[in-house]
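A.B. asks: Pasting a structure below so you can have a look.
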Amino acid sequence: MGVAILDMGCTIQCPHGGKASVVTTNTTVKVGGNFAILATDVTTVAGCPFTLPGPKPSPCVTVQWSGPAQMVKVNGTPVLLQTSVGLCKSPEGAPQGPAMVSGVQTKVTGL
């Protein structure tokens, strides 16, 4: 059974409440009315309030994705699925926790 494909209509947040934005290169394939998100799309985070112990801010600034679709691709690039894992990272590239995805369309699925 397939898993929902992530699209530009879903909401992505870092574990500290920062809002993620996706810049997609997909301008051809829509799922549930919005463009599908690709494994190679750039995801940035804004508004993360996370601070390490002490005075140094260490906000989440990017999301690195793993576990894209194996069988569904757009122009040769895999789409992201609801089961794909987004790892939020600091400016130094340190992992800071998993991205939280909500509002995922359920009409189109993939493997």
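The way I read the labels, and the way they are meant: chains A, B, ... in the order of the structure tokens, residue 1 as the first residue of every chain, and ligand 1 as the first ligand shown, with later ones counted on from there.
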Output as a Markdown table one row per residue of range 3-82 of chain A within 6 Å of range 90-97 of chain A: the closest atom pair and its distance in Å to one decimal place, counting only C-alpha atoms, sorted by chain and residue number ascending.

C.D. replies:
| residue | atom | partner | partner_atom | distance |
| --- | --- | --- | --- | --- |
| A:Ser58 | CA | A:Ser90 | CA | 5.9 |
| A:Pro59 | CA | A:Ser90 | CA | 5.7 |
| A:Cys60 | CA | A:Ser90 | CA | 4.6 |
| A:Val61 | CA | A:Ser90 | CA | 5.6 |

A.B. asks: From the list A:Val104, A:Met8, A:Met1, A:Leu111, which residue is nearest Ala20 in chain A when using only C-alpha atoms?

C.D. replies: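 Looking at the shortest contact to Ala20 in chain A, the residue is A:Met8.
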
A.B. asks: For Leu38 in chain A, which residue out of A:Gly110, A:Asn26, A:Ala99, A:Gln13 is the nearest one, using only C-alpha atoms?

C.D. replies: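 Between A:Gly110, A:Asn26, A:Ala99, A:Gln13, the residue approaching Leu38 in chain A most closely is A:Asn26.
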
A.B. asks: Using only C-alpha atoms, which residues sit within 12 Å of Gly76 in chain A once same-chain residues fewer than 3 positions away are excluded, as an MDAnalysis selection string?

C.D. replies: chainID A and resid 26 38:40 69:73 79
